[in-house]
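**Q** input_8.cif is the file, holding mmCIF, N, CA and C atoms:
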data_protein
loop_
_atom_site.label_atom_id
_atom_site.label_comp_id
_atom_site.auth_asym_id
_atom_site.auth_seq_id
_atom_site.Cartn_x
_atom_site.Cartn_y
_atom_site.Cartn_z
N MET L 257 -86.60 254.75 188.01
CA MET L 257 -86.13 254.15 189.24
C MET L 257 -86.55 255.04 190.40
N THR L 258 -87.00 254.43 191.45
CA THR L 258 -87.40 255.18 192.64
C THR L 258 -86.23 255.30 193.61
N GLU L 259 -86.33 256.21 194.51
CA GLU L 259 -85.33 256.41 195.54
C GLU L 259 -85.39 255.22 196.51
N PRO L 260 -84.25 254.69 196.99
CA PRO L 260 -84.26 253.46 197.77
C PRO L 260 -85.10 253.50 199.04
N SER L 261 -85.08 254.60 199.78
CA SER L 261 -85.87 254.62 201.02
C SER L 261 -87.36 254.66 200.72
N LEU L 262 -87.75 255.29 199.60
CA LEU L 262 -89.16 255.26 199.21
C LEU L 262 -89.59 253.86 198.79
N ALA L 263 -88.70 253.15 198.10
CA ALA L 263 -89.01 251.78 197.68
C ALA L 263 -89.22 250.87 198.88
N ILE L 264 -88.33 250.94 199.86
CA ILE L 264 -88.47 250.06 201.02
C ILE L 264 -89.62 250.51 201.91
N GLN L 265 -89.87 251.81 201.97
CA GLN L 265 -91.01 252.33 202.73
C GLN L 265 -92.32 251.77 202.18
N ALA L 266 -92.48 251.81 200.87
CA ALA L 266 -93.69 251.27 200.23
C ALA L 266 -93.77 249.75 200.44
N ALA L 267 -92.62 249.07 200.37
CA ALA L 267 -92.61 247.62 200.56
C ALA L 267 -92.99 247.25 201.99
N ILE L 268 -92.53 248.02 202.97
CA ILE L 268 -92.90 247.76 204.36
C ILE L 268 -94.40 247.95 204.55
N ARG L 269 -94.94 249.03 204.01
CA ARG L 269 -96.39 249.25 204.15
C ARG L 269 -97.17 248.10 203.52
N ALA L 270 -96.78 247.71 202.32
CA ALA L 270 -97.47 246.60 201.64
C ALA L 270 -97.41 245.33 202.49
N ARG L 271 -96.26 245.07 203.09
CA ARG L 271 -96.11 243.88 203.93
C ARG L 271 -97.01 243.97 205.15
N LEU L 272 -97.06 245.15 205.80
CA LEU L 272 -97.86 245.29 207.02
C LEU L 272 -99.35 245.20 206.75
N ILE L 273 -99.84 245.82 205.67
CA ILE L 273 -101.28 245.76 205.42
C ILE L 273 -101.72 244.38 204.93
N ALA L 274 -100.77 243.56 204.48
CA ALA L 274 -101.09 242.20 204.04
C ALA L 274 -100.96 241.18 205.16
N ASP L 275 -100.42 241.58 206.29
CA ASP L 275 -100.18 240.64 207.38
C ASP L 275 -101.38 240.61 208.32
N PRO L 276 -102.05 239.47 208.45
CA PRO L 276 -103.25 239.40 209.29
C PRO L 276 -102.97 239.63 210.78
N ASP L 277 -101.76 239.30 211.26
CA ASP L 277 -101.45 239.55 212.66
C ASP L 277 -101.32 241.05 212.94
N VAL L 278 -100.79 241.80 211.97
CA VAL L 278 -100.68 243.25 212.13
C VAL L 278 -102.06 243.88 212.04
N THR L 279 -102.82 243.52 211.00
CA THR L 279 -104.13 244.17 210.80
C THR L 279 -105.17 243.74 211.83
N ALA L 280 -104.92 242.66 212.57
CA ALA L 280 -105.80 242.32 213.69
C ALA L 280 -105.65 243.33 214.82
N LEU L 281 -104.49 243.99 214.89
CA LEU L 281 -104.22 244.97 215.93
C LEU L 281 -104.39 246.41 215.45
N VAL L 282 -104.11 246.66 214.17
CA VAL L 282 -104.23 248.00 213.57
C VAL L 282 -104.89 247.83 212.21
N PRO L 283 -106.06 248.41 212.00
CA PRO L 283 -106.72 248.29 210.69
C PRO L 283 -105.82 248.84 209.58
N ALA L 284 -105.90 248.23 208.40
CA ALA L 284 -105.04 248.62 207.27
C ALA L 284 -105.18 250.09 206.91
N ASP L 285 -106.38 250.67 207.10
CA ASP L 285 -106.56 252.08 206.75
C ASP L 285 -105.93 253.02 207.78
N ARG L 286 -105.30 252.46 208.81
CA ARG L 286 -104.57 253.27 209.80
C ARG L 286 -103.07 252.98 209.76
N ILE L 287 -102.62 252.36 208.67
CA ILE L 287 -101.19 252.11 208.44
C ILE L 287 -100.78 253.07 207.33
N PHE L 288 -100.05 254.12 207.71
CA PHE L 288 -99.76 255.23 206.80
C PHE L 288 -98.32 255.20 206.32
N ASP L 289 -98.16 255.61 205.09
CA ASP L 289 -96.86 255.70 204.44
C ASP L 289 -96.44 257.16 204.40
N GLY L 290 -95.86 257.64 205.50
CA GLY L 290 -95.33 258.99 205.54
C GLY L 290 -96.24 260.04 206.15
N ARG L 291 -97.48 259.74 206.40
CA ARG L 291 -98.41 260.71 207.00
C ARG L 291 -98.16 260.81 208.49
N TRP L 292 -98.26 262.01 209.05
CA TRP L 292 -97.92 262.19 210.46
C TRP L 292 -99.10 262.58 211.34
N ARG L 293 -100.31 262.36 210.94
CA ARG L 293 -101.47 262.70 211.78
C ARG L 293 -101.90 261.46 212.55
N THR L 294 -102.07 261.63 213.85
CA THR L 294 -102.35 260.47 214.70
C THR L 294 -103.69 260.56 215.42
N GLU L 295 -104.64 261.28 214.85
CA GLU L 295 -105.90 261.43 215.59
C GLU L 295 -106.72 260.14 215.66
N ARG L 296 -106.45 259.16 214.81
CA ARG L 296 -107.14 257.87 214.86
C ARG L 296 -106.15 256.81 215.33
N MET L 297 -106.34 256.34 216.55
CA MET L 297 -105.41 255.36 217.11
C MET L 297 -106.14 254.06 217.38
N PRO L 298 -105.44 252.93 217.34
CA PRO L 298 -104.01 252.84 217.09
C PRO L 298 -103.70 253.11 215.61
N CYS L 299 -102.45 253.51 215.37
CA CYS L 299 -102.01 253.71 213.99
C CYS L 299 -100.53 253.42 213.88
N ILE L 300 -100.11 253.19 212.63
CA ILE L 300 -98.71 252.95 212.30
C ILE L 300 -98.33 253.97 211.23
N ILE L 301 -97.18 254.62 211.43
CA ILE L 301 -96.70 255.62 210.48
C ILE L 301 -95.28 255.24 210.08
N ILE L 302 -95.05 255.13 208.76
CA ILE L 302 -93.76 254.70 208.21
C ILE L 302 -93.12 255.86 207.44
N GLY L 303 -91.81 256.00 207.52
CA GLY L 303 -91.18 256.93 206.61
C GLY L 303 -89.98 257.70 207.09
N GLU L 304 -89.89 258.03 208.36
CA GLU L 304 -88.75 258.81 208.84
C GLU L 304 -87.50 257.95 208.78
N GLY L 305 -86.41 258.50 208.26
CA GLY L 305 -85.19 257.72 208.20
C GLY L 305 -84.11 258.37 207.38
N ASN L 306 -83.14 257.56 206.92
CA ASN L 306 -82.07 258.07 206.09
C ASN L 306 -81.52 256.97 205.20
N VAL L 307 -80.65 257.38 204.26
CA VAL L 307 -80.08 256.46 203.28
C VAL L 307 -78.59 256.72 203.17
N LEU L 308 -77.82 255.65 203.06
CA LEU L 308 -76.42 255.74 202.66
C LEU L 308 -76.37 255.21 201.22
N TYR L 309 -76.14 256.12 200.29
CA TYR L 309 -76.13 255.73 198.88
C TYR L 309 -74.85 254.99 198.54
N SER L 310 -74.93 254.14 197.53
CA SER L 310 -73.76 253.35 197.15
C SER L 310 -72.67 254.22 196.54
N ASP L 311 -71.45 253.79 196.80
CA ASP L 311 -70.29 254.37 196.13
C ASP L 311 -69.89 253.32 195.10
N GLU L 312 -70.12 253.61 193.85
CA GLU L 312 -69.96 252.61 192.79
C GLU L 312 -68.58 251.95 192.76
N TYR L 313 -67.57 252.57 193.41
CA TYR L 313 -66.23 252.00 193.39
C TYR L 313 -65.99 251.06 194.56
N GLU L 314 -66.75 251.21 195.63
CA GLU L 314 -66.53 250.38 196.81
C GLU L 314 -67.70 249.46 197.12
N SER L 315 -68.91 249.88 196.77
CA SER L 315 -70.10 249.11 197.13
C SER L 315 -71.18 249.35 196.09
N PHE L 316 -71.94 248.34 195.81
CA PHE L 316 -73.02 248.47 194.84
C PHE L 316 -74.38 248.32 195.49
N HIS L 317 -74.46 248.71 196.75
CA HIS L 317 -75.73 248.60 197.45
C HIS L 317 -76.02 249.88 198.23
N GLU L 318 -77.29 250.08 198.50
CA GLU L 318 -77.75 251.22 199.29
C GLU L 318 -78.15 250.69 200.66
N GLU L 319 -77.89 251.46 201.69
CA GLU L 319 -78.32 251.09 203.03
C GLU L 319 -79.40 252.08 203.45
N THR L 320 -80.56 251.57 203.84
CA THR L 320 -81.65 252.44 204.27
C THR L 320 -81.97 252.16 205.73
N TYR L 321 -82.32 253.22 206.43
CA TYR L 321 -82.68 253.14 207.84
C TYR L 321 -84.00 253.89 208.00
N LEU L 322 -85.04 253.17 208.39
CA LEU L 322 -86.36 253.78 208.55
C LEU L 322 -86.88 253.56 209.96
N ASP L 323 -87.68 254.51 210.41
CA ASP L 323 -88.40 254.33 211.67
C ASP L 323 -89.86 254.09 211.36
N VAL L 324 -90.42 253.13 212.06
CA VAL L 324 -91.85 252.84 211.99
C VAL L 324 -92.42 253.24 213.35
N HIS L 325 -93.40 254.15 213.33
CA HIS L 325 -93.98 254.67 214.57
C HIS L 325 -95.32 254.01 214.83
N VAL L 326 -95.54 253.63 216.07
CA VAL L 326 -96.81 253.06 216.51
C VAL L 326 -97.38 254.00 217.56
N TRP L 327 -98.64 254.36 217.42
CA TRP L 327 -99.34 255.20 218.40
C TRP L 327 -100.55 254.45 218.91
N THR L 328 -100.69 254.40 220.24
CA THR L 328 -101.86 253.78 220.85
C THR L 328 -102.39 254.70 221.95
N GLU L 329 -103.67 254.54 222.27
CA GLU L 329 -104.27 255.34 223.33
C GLU L 329 -104.00 254.71 224.69
N GLY L 330 -103.93 255.55 225.71
CA GLY L 330 -103.77 255.08 227.08
C GLY L 330 -102.32 255.05 227.52
N GLU L 331 -102.13 254.83 228.81
CA GLU L 331 -100.80 254.83 229.41
C GLU L 331 -100.12 253.48 229.36
N ASP L 332 -100.87 252.41 229.17
CA ASP L 332 -100.33 251.06 229.20
C ASP L 332 -99.56 250.76 227.92
N PHE L 333 -98.36 250.18 228.06
CA PHE L 333 -97.53 249.86 226.90
C PHE L 333 -97.92 248.54 226.22
N THR L 334 -98.86 247.80 226.77
CA THR L 334 -99.17 246.47 226.25
C THR L 334 -99.53 246.49 224.78
N ALA L 335 -100.46 247.33 224.36
CA ALA L 335 -100.88 247.36 222.95
C ALA L 335 -99.73 247.78 222.05
N ALA L 336 -98.97 248.80 222.43
CA ALA L 336 -97.85 249.25 221.60
C ALA L 336 -96.81 248.15 221.44
N LYS L 337 -96.55 247.40 222.51
CA LYS L 337 -95.57 246.33 222.43
C LYS L 337 -96.08 245.15 221.60
N GLN L 338 -97.37 244.84 221.69
CA GLN L 338 -97.93 243.78 220.86
C GLN L 338 -97.88 244.15 219.37
N ILE L 339 -98.20 245.40 219.06
CA ILE L 339 -98.14 245.86 217.67
C ILE L 339 -96.69 245.84 217.18
N ALA L 340 -95.77 246.32 218.00
CA ALA L 340 -94.35 246.31 217.62
C ALA L 340 -93.86 244.90 217.32
N ASP L 341 -94.28 243.94 218.13
CA ASP L 341 -93.88 242.55 217.89
C ASP L 341 -94.49 242.02 216.60
N ALA L 342 -95.74 242.34 216.32
CA ALA L 342 -96.37 241.90 215.06
C ALA L 342 -95.64 242.52 213.87
N ILE L 343 -95.24 243.77 213.98
CA ILE L 343 -94.48 244.42 212.92
C ILE L 343 -93.13 243.72 212.73
N ARG L 344 -92.44 243.45 213.83
CA ARG L 344 -91.14 242.76 213.76
C ARG L 344 -91.27 241.41 213.07
N ARG L 345 -92.29 240.67 213.42
CA ARG L 345 -92.49 239.35 212.81
C ARG L 345 -92.82 239.46 211.32
N ALA L 346 -93.64 240.45 210.95
CA ALA L 346 -93.98 240.66 209.54
C ALA L 346 -92.76 241.06 208.72
N ILE L 347 -91.94 241.90 209.29
CA ILE L 347 -90.75 242.38 208.56
C ILE L 347 -89.70 241.29 208.42
N LYS L 348 -89.54 240.44 209.43
CA LYS L 348 -88.48 239.44 209.33
C LYS L 348 -88.85 238.25 208.44
N SER L 349 -90.12 238.15 208.05
CA SER L 349 -90.48 237.05 207.16
C SER L 349 -89.99 237.34 205.74
N ALA L 350 -89.64 236.32 205.01
CA ALA L 350 -89.08 236.47 203.66
C ALA L 350 -90.05 235.88 202.65
N PRO L 351 -89.89 236.14 201.38
CA PRO L 351 -88.89 236.99 200.73
C PRO L 351 -89.35 238.44 200.66
N TRP L 352 -88.43 239.31 200.32
CA TRP L 352 -88.71 240.75 200.23
C TRP L 352 -88.53 241.23 198.80
N VAL L 353 -89.44 242.10 198.38
CA VAL L 353 -89.35 242.74 197.07
C VAL L 353 -89.62 244.22 197.28
N ALA L 354 -88.79 245.06 196.65
CA ALA L 354 -89.00 246.51 196.67
C ALA L 354 -88.84 246.99 195.23
N ALA L 355 -89.78 247.75 194.74
CA ALA L 355 -89.82 248.18 193.34
C ALA L 355 -88.46 248.70 192.86
N GLY L 356 -87.89 248.02 191.86
CA GLY L 356 -86.64 248.46 191.26
C GLY L 356 -85.38 248.05 192.01
N PHE L 357 -85.52 247.27 193.10
CA PHE L 357 -84.37 246.90 193.91
C PHE L 357 -84.40 245.42 194.29
N ILE L 358 -83.23 244.87 194.47
CA ILE L 358 -83.06 243.55 195.07
C ILE L 358 -82.82 243.81 196.56
N VAL L 359 -83.58 243.18 197.41
CA VAL L 359 -83.43 243.36 198.86
C VAL L 359 -82.50 242.27 199.37
N HIS L 360 -81.30 242.66 199.77
CA HIS L 360 -80.31 241.69 200.27
C HIS L 360 -80.50 241.38 201.75
N GLY L 361 -81.13 242.28 202.47
CA GLY L 361 -81.37 242.03 203.88
C GLY L 361 -82.22 243.13 204.48
N ILE L 362 -83.07 242.74 205.42
CA ILE L 362 -83.88 243.71 206.15
C ILE L 362 -84.07 243.17 207.56
N THR L 363 -83.93 244.04 208.53
CA THR L 363 -84.03 243.61 209.91
C THR L 363 -84.58 244.72 210.80
N VAL L 364 -85.26 244.32 211.84
CA VAL L 364 -85.66 245.25 212.89
C VAL L 364 -84.54 245.24 213.91
N THR L 365 -83.92 246.40 214.13
CA THR L 365 -82.76 246.45 215.02
C THR L 365 -83.11 246.82 216.45
N LYS L 366 -84.19 247.59 216.65
CA LYS L 366 -84.56 247.95 218.02
C LYS L 366 -85.96 248.56 218.03
N ALA L 367 -86.52 248.63 219.23
CA ALA L 367 -87.79 249.31 219.45
C ALA L 367 -87.67 250.11 220.75
N ARG L 368 -88.21 251.31 220.71
CA ARG L 368 -88.23 252.17 221.90
C ARG L 368 -89.69 252.44 222.23
N PHE L 369 -90.02 252.44 223.50
CA PHE L 369 -91.39 252.65 223.95
C PHE L 369 -91.44 253.90 224.82
N LEU L 370 -92.31 254.84 224.44
CA LEU L 370 -92.36 256.15 225.07
C LEU L 370 -93.78 256.49 225.50
N ARG L 371 -93.90 257.33 226.49
CA ARG L 371 -95.20 257.83 226.91
C ARG L 371 -95.45 259.16 226.21
N GLY L 372 -96.69 259.39 225.77
CA GLY L 372 -97.06 260.64 225.13
C GLY L 372 -98.02 261.42 225.99
N LYS L 373 -98.01 262.73 225.83
CA LYS L 373 -98.91 263.59 226.61
C LYS L 373 -99.92 264.26 225.70
N ASP L 374 -101.09 264.47 226.25
CA ASP L 374 -102.15 265.19 225.57
C ASP L 374 -101.84 266.68 225.63
N THR L 375 -102.65 267.49 224.96
CA THR L 375 -102.42 268.93 224.93
C THR L 375 -102.48 269.57 226.31
N ASP L 376 -103.20 268.96 227.25
CA ASP L 376 -103.26 269.52 228.61
C ASP L 376 -102.15 268.99 229.51
N GLY L 377 -101.23 268.19 228.96
CA GLY L 377 -100.10 267.68 229.72
C GLY L 377 -100.34 266.35 230.40
N ALA L 378 -101.56 265.83 230.34
CA ALA L 378 -101.86 264.53 230.95
C ALA L 378 -101.35 263.40 230.06
N LEU L 379 -100.92 262.30 230.69
CA LEU L 379 -100.52 261.14 229.91
C LEU L 379 -101.74 260.61 229.17
N ALA L 380 -101.60 260.45 227.85
CA ALA L 380 -102.77 260.08 227.06
C ALA L 380 -102.52 258.95 226.08
N ASN L 381 -101.25 258.70 225.74
CA ASN L 381 -101.00 257.67 224.73
C ASN L 381 -99.60 257.09 224.92
N THR L 382 -99.35 256.01 224.18
CA THR L 382 -98.02 255.42 224.13
C THR L 382 -97.54 255.45 222.69
N HIS L 383 -96.24 255.49 222.54
CA HIS L 383 -95.60 255.65 221.25
C HIS L 383 -94.44 254.67 221.19
N ALA L 384 -94.40 253.85 220.15
CA ALA L 384 -93.28 252.96 219.92
C ALA L 384 -92.57 253.42 218.66
N VAL L 385 -91.25 253.38 218.69
CA VAL L 385 -90.44 253.70 217.51
C VAL L 385 -89.62 252.45 217.20
N ILE L 386 -89.89 251.86 216.04
CA ILE L 386 -89.25 250.62 215.62
C ILE L 386 -88.27 250.96 214.51
N SER L 387 -87.00 250.62 214.70
CA SER L 387 -85.97 250.94 213.71
C SER L 387 -85.76 249.75 212.79
N VAL L 388 -85.80 250.03 211.48
CA VAL L 388 -85.66 249.00 210.45
C VAL L 388 -84.48 249.36 209.57
N ASP L 389 -83.57 248.42 209.35
CA ASP L 389 -82.42 248.61 208.47
C ASP L 389 -82.57 247.67 207.29
N ALA L 390 -82.25 248.17 206.09
CA ALA L 390 -82.34 247.35 204.89
C ALA L 390 -81.15 247.61 203.99
N VAL L 391 -80.72 246.58 203.29
CA VAL L 391 -79.65 246.69 202.29
C VAL L 391 -80.27 246.35 200.95
N LEU L 392 -80.18 247.30 200.01
CA LEU L 392 -80.80 247.17 198.70
C LEU L 392 -79.76 247.32 197.60
N GLN L 393 -80.02 246.66 196.48
CA GLN L 393 -79.19 246.85 195.30
C GLN L 393 -80.12 247.17 194.13
N GLU L 394 -79.76 248.18 193.39
CA GLU L 394 -80.58 248.57 192.23
C GLU L 394 -80.63 247.42 191.24
N ALA L 395 -81.83 247.05 190.84
CA ALA L 395 -81.99 245.98 189.86
C ALA L 395 -81.62 246.50 188.48
N SER L 396 -80.90 245.71 187.72
CA SER L 396 -80.52 246.18 186.39
C SER L 396 -81.40 245.63 185.30
#
Just dump the structure as structure tokens.
**A**
Amino acid sequence: MTEPSLAIQAAIRARLIADPDVTALVPADRIFDGRWRTERMPCIIIGEGNVLYSDEYESFHEETYLDVHVWTEGEDFTAAKQIADAIRRAIKSAPWVAAGFIVHGITVTKARFLRGKDTDGALANTHAVISVDAVLQEAS
């Protein structure tokens, strides 16, 4: 059995690289599962987050919270917002499967759009952080 946040992280990546609306904006080879290098933009990085593990006496499900990061070049937020929307649409489509788990629900709860600076301090890129919440139950 895999750890729940790893299972949903892999499932999100699989969903994004299979979605033609997402890959029209970000090539599949720039959608990373946990890697934090952004020298090739635009790119999507999945993995930062946390898990609330089930308490077998009160709940039989795990709650996972992941951030999906989008990096684009330039100061304009247009590309980052278009990619974030494509990600939101891909994630909200059903059904969901995550290795070893039943996915009871997954949703994009918010997106934040930030400006990034280059090493010399000049504005050089935009960064979107998309928060994804999922409820999983271990498959028996």
**Q** Restricting the calculation to all atoms listed in the file: of L:His325, L:Lys366, L:His360, L:Arg271, which residue gets closest to His383 in chain L?
**A** L:His325
**Q** Looking only at the backbone, which of the residues in range 269-322 of chain L does DSSP tag as strand (DSSP E), as an mmCIF file with N, CA and C atoms, keeping the file's coordinate frame?
**A**
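This is the output file selection_17.cif:
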data_model
loop_
_atom_site.group_PDB
_atom_site.id
_atom_site.type_symbol
_atom_site.label_atom_id
_atom_site.label_comp_id
_atom_site.auth_asym_id
_atom_site.auth_seq_id
_atom_site.Cartn_x
_atom_site.Cartn_y
_atom_site.Cartn_z
ATOM 1 N N ILE L 287 -102.620 252.360 208.670
ATOM 2 C CA ILE L 287 -101.190 252.110 208.440
ATOM 3 C C ILE L 287 -100.780 253.070 207.330
ATOM 4 N N PHE L 288 -100.050 254.120 207.710
ATOM 5 C CA PHE L 288 -99.760 255.230 206.800
ATOM 6 C C PHE L 288 -98.320 255.200 206.320
ATOM 7 N N ASP L 289 -98.160 255.610 205.090
ATOM 8 C CA ASP L 289 -96.860 255.700 204.440
ATOM 9 C C ASP L 289 -96.440 257.160 204.400
ATOM 10 N N CYS L 299 -102.450 253.510 215.370
ATOM 11 C CA CYS L 299 -102.010 253.710 213.990
ATOM 12 C C CYS L 299 -100.530 253.420 213.880
ATOM 13 N N ILE L 300 -100.110 253.190 212.630
ATOM 14 C CA ILE L 300 -98.710 252.950 212.300
ATOM 15 C C ILE L 300 -98.330 253.970 211.230
ATOM 16 N N ILE L 301 -97.180 254.620 211.430
ATOM 17 C CA ILE L 301 -96.700 255.620 210.480
ATOM 18 C C ILE L 301 -95.280 255.240 210.080
ATOM 19 N N ILE L 302 -95.050 255.130 208.760
ATOM 20 C CA ILE L 302 -93.760 254.700 208.210
ATOM 21 C C ILE L 302 -93.120 255.860 207.440
ATOM 22 N N GLY L 303 -91.810 256.000 207.520
ATOM 23 C CA GLY L 303 -91.180 256.930 206.610
ATOM 24 C C GLY L 303 -89.980 257.700 207.090
ATOM 25 N N GLU L 304 -89.890 258.030 208.360
ATOM 26 C CA GLU L 304 -88.750 258.810 208.840
ATOM 27 C C GLU L 304 -87.500 257.950 208.780
ATOM 28 N N GLY L 305 -86.410 258.500 208.260
ATOM 29 C CA GLY L 305 -85.190 257.720 208.200
ATOM 30 C C GLY L 305 -84.110 258.370 207.380
ATOM 31 N N ASN L 306 -83.140 257.560 206.920
ATOM 32 C CA ASN L 306 -82.070 258.070 206.090
ATOM 33 C C ASN L 306 -81.520 256.970 205.200
ATOM 34 N N VAL L 307 -80.650 257.380 204.260
ATOM 35 C CA VAL L 307 -80.080 256.460 203.280
ATOM 36 C C VAL L 307 -78.590 256.720 203.170
ATOM 37 N N LEU L 308 -77.820 255.650 203.060
ATOM 38 C CA LEU L 308 -76.420 255.740 202.660
ATOM 39 C C LEU L 308 -76.370 255.210 201.220
ATOM 40 N N GLU L 318 -77.290 250.080 198.500
ATOM 41 C CA GLU L 318 -77.750 251.220 199.290
ATOM 42 C C GLU L 318 -78.150 250.690 200.660
ATOM 43 N N GLU L 319 -77.890 251.460 201.690
ATOM 44 C CA GLU L 319 -78.320 251.090 203.030
ATOM 45 C C GLU L 319 -79.400 252.080 203.450
ATOM 46 N N THR L 320 -80.560 251.570 203.840
ATOM 47 C CA THR L 320 -81.650 252.440 204.270
ATOM 48 C C THR L 320 -81.970 252.160 205.730
ATOM 49 N N TYR L 321 -82.320 253.220 206.430
ATOM 50 C CA TYR L 321 -82.680 253.140 207.840
ATOM 51 C C TYR L 321 -84.000 253.890 208.000
ATOM 52 N N LEU L 322 -85.040 253.170 208.390
ATOM 53 C CA LEU L 322 -86.360 253.780 208.550
ATOM 54 C C LEU L 322 -86.880 253.560 209.960
#
**Q** Go through L:Ala284, L:Val385, L:Cys299, L:Ala355 and flag the residue nearest Ala267 in chain L, using all atoms listed in the file for the distances.
**A**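 Looking at the shortest contact to Ala267 in chain L, the residue is L:Ala355.
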**Q** Which residues match the PyMOL selection byres ((chain L and resi 301) around 7) in the file above, as a list of chain:residue names?
**A**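 Going through the file, the PyMOL selection byres ((chain L and resi 301) around 7) ends up selecting L:Arg286, L:Ile287, L:Phe288, L:Asp289, L:Gly290, L:Arg291, L:Trp292, L:Cys299, L:Ile300, L:Ile302, L:Gly303, L:Glu304, L:Asp323, L:Val324, L:His325, L:Val326, L:Trp327.
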**Q** Taking into account all atoms listed in the file, which residue in the set L:Ser261, L:Thr365, L:Ser349, L:Thr328 is nearest to Asp389 in chain L?
**A**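 Going through L:Ser261, L:Thr365, L:Ser349, L:Thr328 one by one, the smallest distance to Asp389 in chain L is for L:Thr365.
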**Q** Could you state which residues are captured by the PyMOL selection byres ((chain L and resi 321) around 6) in this file, as a list in words?
**A**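 Evaluating the PyMOL selection byres ((chain L and resi 321) around 6) on these coordinates yields Glu304, Gly305, Asn306, Val307, Glu319, Thr320, Leu322, Asp323, Val388, Asp389 and Ala390 of chain L.
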**Q** Could you give me, as an MDAnalysis selection string, each residue of chain L that DSSP assigns to helix (DSSP H, G or I) when run on this structure's backbone?
**A** chainID L and resid 260:274 276:279 284:286 334:348
**Q** Quick one, how far is CA of Ser310 in chain L from CA of Ser396 in chain L?
**A** 14.6 Å
**Q** So how many Å separate atom C of Ile339 in chain L and CA of Val278 in chain L, to one decimal?
**A**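 Atom-to-atom, atom C of Ile339 in chain L to CA of Val278 in chain L, that is 6.9 Å.
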**Q** What is the distance, in Å and to one decimal place, between atom N of Ile362 in chain L and atom C of Ala395 in chain L?
**A**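 Atom C of Ala395 in chain L lies at a distance of 17.4 Å from atom N of Ile362 in chain L.
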**Q** The PyMOL selection byres (((chain L and resi 350 and name CA) around 12) and name CA) - which residues does that actually catch in the file I just gave you? List them as an MDAnalysis selection string.
**A** chainID L and resid 268 271 345:349 351:353 359:363
**Q** Residues near Ala384 in chain L, anyone? I mean within 5 Å using all atoms listed in the file, not counting same-chain ones fewer than 2 positions away, as a PyMOL selection string.
**A** chain L and resi 325-326+368-370+382+386
**Q** Taking all atoms listed in the file into account, which of L:Gln265, L:Glu331, L:Pro298, L:Gln338 comes nearest Arg371 in chain L?
**A** L:Glu331
**Q** Using all atoms listed in the file, pick whichever of L:Ile343, L:Met297, L:Ile358, L:Ala270 has the shortest atom-to-atom distance to Pro283 in chain L.
**A**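 Using all atoms listed in the file, Pro283 in chain L sits closest to L:Met297.
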